[in-house]
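Notes to accompany the following structure.
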Amino acid sequence: MATPDVPDIVIGRLPLYLRALNQLEAEGQEITSSHELADQLDISSAQIRKDLSHFGEFGKQGTGYNIEFLAAQIERILQLEQVWHVALVGVGDLGRALAGYNGFQHRGFRITHIFDNDPDIIGTQVSEFEVLPYARLQEVVSEADILMAMIAVPADKAQGVCDTLVKAGVKAVLNYAPTKLRAPSDVHVQDIDPVIHLQHMSYYLTT
């Protein structure tokens, strides 16, 4: 259950800590420290300790963190002890790539339904999925009790898709469309626009 007094920026760093812990565990390491995590993540050790302190005490001074235990605690905080079902809307190039990506499930997420409004695509097979008609989006998502969705449609269609998902009961939207979406306060929207990140990085390039 979300704790309202924890800043969202702190929640956003928890998956980074989890990824680093999983990498260390895969390498056979059992104990780590905030200083080691800081070196890996370019986040200060003081910030890491402060972030974790929002949720309890997970390590002991002088002995560090048990990696397996801390990773399990972060998974619990992020509610990753179950696999969340996800609807995908949009089966263009990006949507097809997302549908075929096999890295979601072992991290707590599984695409279960994909939708498009192109009659040439509806009913075809993409990866393991049959493309469902967009007209059935609200009905199917509501009946399947899906709380998370990804939007991979053109910018001018994204808000309408988001509105339909909200009506279907979705509470978290990952938006790949290059536009800012409006949603009720109880619906969390995360925007991912690769062009924005490329434009950010281009500032630092030298020619």
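How things are named: the first chain in the structure tokens is A, the next is B, and so on; residues count from 1 in each chain; ligands count from 1 in the order shown.
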**Message:** Can you pull out the residues contacting A:Asp193? Cut-off 9 Å, using only C-alpha atoms, and skip same-chain residues under 5 positions away; I want them as an MDAnalysis selection string.
**Reply:** chainID A and resid 175:179
Kindly export the residues of the current selection with C-alpha atoms, as a JSON list (two decimals), in the first residue's frame.
[["chain", "number", "residue", "atom", "x", "y", "z"],
["A", 175, "ASN", "CA", 2.87, 6.72, -21.89],
["A", 176, "TYR", "CA", 5.20, 6.40, -24.89],
["A", 177, "ALA", "CA", 3.29, 8.98, -26.94],
["A", 178, "PRO", "CA", 5.16, 12.31, -27.27],
["A", 179, "THR", "CA", 2.55, 14.35, -25.42]]
**Request:** List the neighbours of A:Asp51 out to 9 Å using only C-alpha atoms; skip same-chain residues closer than 4 positions along the sequence, and give me the result as an MDAnalysis selection string.
**Result:** chainID A and resid 6 10:11 13:14 46:47 55
Suppose we keep N, CA and C atoms; can you now write the selection as a PDB file, in the first residue's frame?
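See result.pdb below for the written result:
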ATOM      1  N   VAL A   6       5.722   9.691   1.454  1.00  0.00           N
ATOM      2  CA  VAL A   6       6.992   9.386   0.796  1.00  0.00           C
ATOM      3  C   VAL A   6       7.024  10.112  -0.553  1.00  0.00           C
ATOM      4  N   VAL A  10      11.558   9.660  -4.404  1.00  0.00           N
ATOM      5  CA  VAL A  10      12.150   8.552  -3.660  1.00  0.00           C
ATOM      6  C   VAL A  10      11.676   7.224  -4.237  1.00  0.00           C
ATOM      7  N   ILE A  11      10.377   7.112  -4.491  1.00  0.00           N
ATOM      8  CA  ILE A  11       9.831   5.891  -5.099  1.00  0.00           C
ATOM      9  C   ILE A  11      10.513   5.617  -6.434  1.00  0.00           C
ATOM     10  N   ARG A  13      13.501   6.156  -7.260  1.00  0.00           N
ATOM     11  CA  ARG A  13      14.863   5.625  -7.124  1.00  0.00           C
ATOM     12  C   ARG A  13      14.884   4.178  -6.651  1.00  0.00           C
ATOM     13  N   LEU A  14      13.806   3.704  -6.042  1.00  0.00           N
ATOM     14  CA  LEU A  14      13.799   2.339  -5.522  1.00  0.00           C
ATOM     15  C   LEU A  14      14.059   1.286  -6.605  1.00  0.00           C
ATOM     16  N   ALA A  46      24.502   9.004   1.395  1.00  0.00           N
ATOM     17  CA  ALA A  46      23.585   9.622   2.350  1.00  0.00           C
ATOM     18  C   ALA A  46      22.164   9.635   1.802  1.00  0.00           C
ATOM     19  N   GLN A  47      22.029   9.894   0.494  1.00  0.00           N
ATOM     20  CA  GLN A  47      20.698   9.904  -0.121  1.00  0.00           C
ATOM     21  C   GLN A  47      20.089   8.511  -0.122  1.00  0.00           C
ATOM     22  N   PHE A  55      11.205   3.670   4.950  1.00  0.00           N
ATOM     23  CA  PHE A  55      10.477   2.404   5.016  1.00  0.00           C
ATOM     24  C   PHE A  55      10.944   1.494   6.149  1.00  0.00           C
TER      25      PHE A  55
END
Which of stretch 35-126 of chain A DSSP labels alpha helix (DSSP H), written as a short mmCIF file (atom, residue, chain, number, x, y, z; two decimals) with N, CA and C atoms, in the first residue's frame:
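Output file out.cif follows:
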data_model
loop_
_atom_site.label_atom_id
_atom_site.label_comp_id
_atom_site.auth_asym_id
_atom_site.auth_seq_id
_atom_site.Cartn_x
_atom_site.Cartn_y
_atom_site.Cartn_z
N HIS A 35 27.68 2.88 0.36
CA HIS A 35 28.79 3.46 -0.42
C HIS A 35 29.00 2.69 -1.72
N GLU A 36 28.90 1.36 -1.68
CA GLU A 36 29.04 0.58 -2.90
C GLU A 36 27.90 0.86 -3.86
N LEU A 37 26.68 0.93 -3.35
CA LEU A 37 25.53 1.26 -4.20
C LEU A 37 25.69 2.66 -4.78
N ALA A 38 26.21 3.58 -3.97
CA ALA A 38 26.41 4.95 -4.44
C ALA A 38 27.38 4.99 -5.62
N ASP A 39 28.44 4.20 -5.53
CA ASP A 39 29.42 4.15 -6.63
C ASP A 39 28.79 3.61 -7.90
N GLN A 40 27.90 2.64 -7.76
CA GLN A 40 27.26 2.03 -8.93
C GLN A 40 26.24 2.96 -9.57
N LEU A 41 25.53 3.72 -8.74
CA LEU A 41 24.36 4.45 -9.21
C LEU A 41 24.58 5.95 -9.35
N SER A 45 25.68 8.17 -0.98
CA SER A 45 25.34 7.16 0.03
C SER A 45 24.37 7.71 1.06
N ALA A 46 24.50 9.00 1.40
CA ALA A 46 23.58 9.62 2.35
C ALA A 46 22.16 9.64 1.80
N GLN A 47 22.03 9.89 0.49
CA GLN A 47 20.70 9.90 -0.12
C GLN A 47 20.09 8.51 -0.12
N ILE A 48 20.90 7.50 -0.40
CA ILE A 48 20.41 6.12 -0.39
C ILE A 48 19.91 5.75 1.00
N ARG A 49 20.70 6.07 2.02
CA ARG A 49 20.28 5.75 3.39
C ARG A 49 19.01 6.50 3.77
N LYS A 50 18.91 7.76 3.36
CA LYS A 50 17.72 8.56 3.66
C LYS A 50 16.49 7.98 2.96
N ASP A 51 16.66 7.60 1.69
CA ASP A 51 15.54 7.01 0.94
C ASP A 51 15.02 5.75 1.64
N LEU A 52 15.94 4.88 2.00
CA LEU A 52 15.54 3.61 2.62
C LEU A 52 14.93 3.82 4.00
N SER A 53 15.35 4.88 4.69
CA SER A 53 14.85 5.12 6.05
C SER A 53 13.36 5.46 6.07
N ILE A 67 22.04 -8.38 0.83
CA ILE A 67 21.51 -8.07 -0.49
C ILE A 67 20.17 -8.77 -0.74
N GLU A 68 20.09 -10.05 -0.45
CA GLU A 68 18.86 -10.79 -0.69
C GLU A 68 17.71 -10.21 0.12
N PHE A 69 17.97 -9.89 1.39
CA PHE A 69 16.93 -9.34 2.26
C PHE A 69 16.48 -7.97 1.78
N LEU A 70 17.43 -7.09 1.47
CA LEU A 70 17.07 -5.74 1.05
C LEU A 70 16.30 -5.76 -0.26
N ALA A 71 16.73 -6.61 -1.20
CA ALA A 71 16.02 -6.71 -2.48
C ALA A 71 14.58 -7.18 -2.25
N ALA A 72 14.40 -8.15 -1.36
CA ALA A 72 13.06 -8.65 -1.07
C ALA A 72 12.20 -7.56 -0.44
N GLN A 73 12.79 -6.73 0.42
CA GLN A 73 12.05 -5.66 1.05
C GLN A 73 11.63 -4.59 0.04
N ILE A 74 12.52 -4.26 -0.89
CA ILE A 74 12.17 -3.28 -1.91
C ILE A 74 11.09 -3.83 -2.84
N GLU A 75 11.17 -5.12 -3.17
CA GLU A 75 10.11 -5.73 -3.98
C GLU A 75 8.77 -5.65 -3.24
N ARG A 76 8.79 -5.86 -1.93
CA ARG A 76 7.55 -5.76 -1.15
C ARG A 76 7.02 -4.33 -1.18
N ILE A 77 7.89 -3.35 -1.00
CA ILE A 77 7.47 -1.95 -1.01
C ILE A 77 6.87 -1.58 -2.35
N ASP A 93 5.34 -0.02 -34.74
CA ASP A 93 6.69 -0.55 -34.54
C ASP A 93 7.04 -0.64 -33.05
N LEU A 94 6.76 0.43 -32.31
CA LEU A 94 7.08 0.43 -30.89
C LEU A 94 6.23 -0.58 -30.13
N GLY A 95 4.94 -0.61 -30.43
CA GLY A 95 4.05 -1.55 -29.76
C GLY A 95 4.47 -3.00 -30.00
N ARG A 96 4.87 -3.31 -31.22
CA ARG A 96 5.32 -4.67 -31.53
C ARG A 96 6.58 -5.02 -30.73
N ALA A 97 7.46 -4.04 -30.61
CA ALA A 97 8.68 -4.29 -29.84
C ALA A 97 8.34 -4.54 -28.37
N LEU A 98 7.42 -3.76 -27.83
CA LEU A 98 7.02 -3.95 -26.44
C LEU A 98 6.34 -5.30 -26.24
N ALA A 99 5.48 -5.67 -27.19
CA ALA A 99 4.78 -6.95 -27.08
C ALA A 99 5.74 -8.12 -27.12
N GLY A 100 6.85 -7.96 -27.84
CA GLY A 100 7.81 -9.05 -27.97
C GLY A 100 8.91 -9.03 -26.93
#
**Nearby residues (only C-alpha atoms) at most 12 Å from A:Asp191, same-chain spacing under 3 positions excluded, as a PyMOL selection string** = chain A and resi 150-152+155+158+172-182+188+194-197
**Message:** Going by DSSP on the backbone, which residues of stretch 11-165 of chain A come out as strand (DSSP E)? List them as a ChimeraX atom specification.
**Reply:** /A:31-32,59-60,64-66,84-89,109-116,125-126,129-133,148-151
**Message:** Give me, as a ChimeraX atom specification, all polymer residues having an atom no more than 9 Å from A:Gln82, counting only C-alpha atoms and skipping those fewer than 3 positions away in the same chain.
**Reply:** /A:79,108-109
Write a file of the selected residues as an mmCIF file, in the first residue's frame, keeping C-alpha atoms.
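Produced file part33.cif, reproduced below:
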data_model
loop_
_atom_site.group_PDB
_atom_site.id
_atom_site.type_symbol
_atom_site.label_atom_id
_atom_site.label_comp_id
_atom_site.auth_asym_id
_atom_site.auth_seq_id
_atom_site.Cartn_x
_atom_site.Cartn_y
_atom_site.Cartn_z
ATOM 1 C CA GLN A 79 4.318 -4.473 -4.618
ATOM 2 C CA GLY A 108 6.786 -8.306 -11.998
ATOM 3 C CA PHE A 109 4.776 -7.416 -15.116
#
**Complete:** Of A:Tyr204, A:Trp84, A:Tyr17, A:Phe115, the one nearest to A:Gln138 when counting only C-alpha atoms is A:Phe115
**Request:** Work out how far apart atom CA of A:Thr124 and atom CA of A:Phe104 are and give it in Å to one decimal.
**Result:**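 Going from atom CA of A:Thr124 over to atom CA of A:Phe104, I get 22.3 Å.
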**Asked** If you count only C-alpha atoms, which residues fall within 8 Å of A:Ile114, apart from same-chain ones fewer than 4 positions away, as an NGL selection string?
**Response** :A and (87-91 or 99 or 129-132)
**Prompt:** Suppose you want the space between atom CA of A:Val86 and atom CA of A:His113; what is it in Å?
**Reply:** 7.1 Å
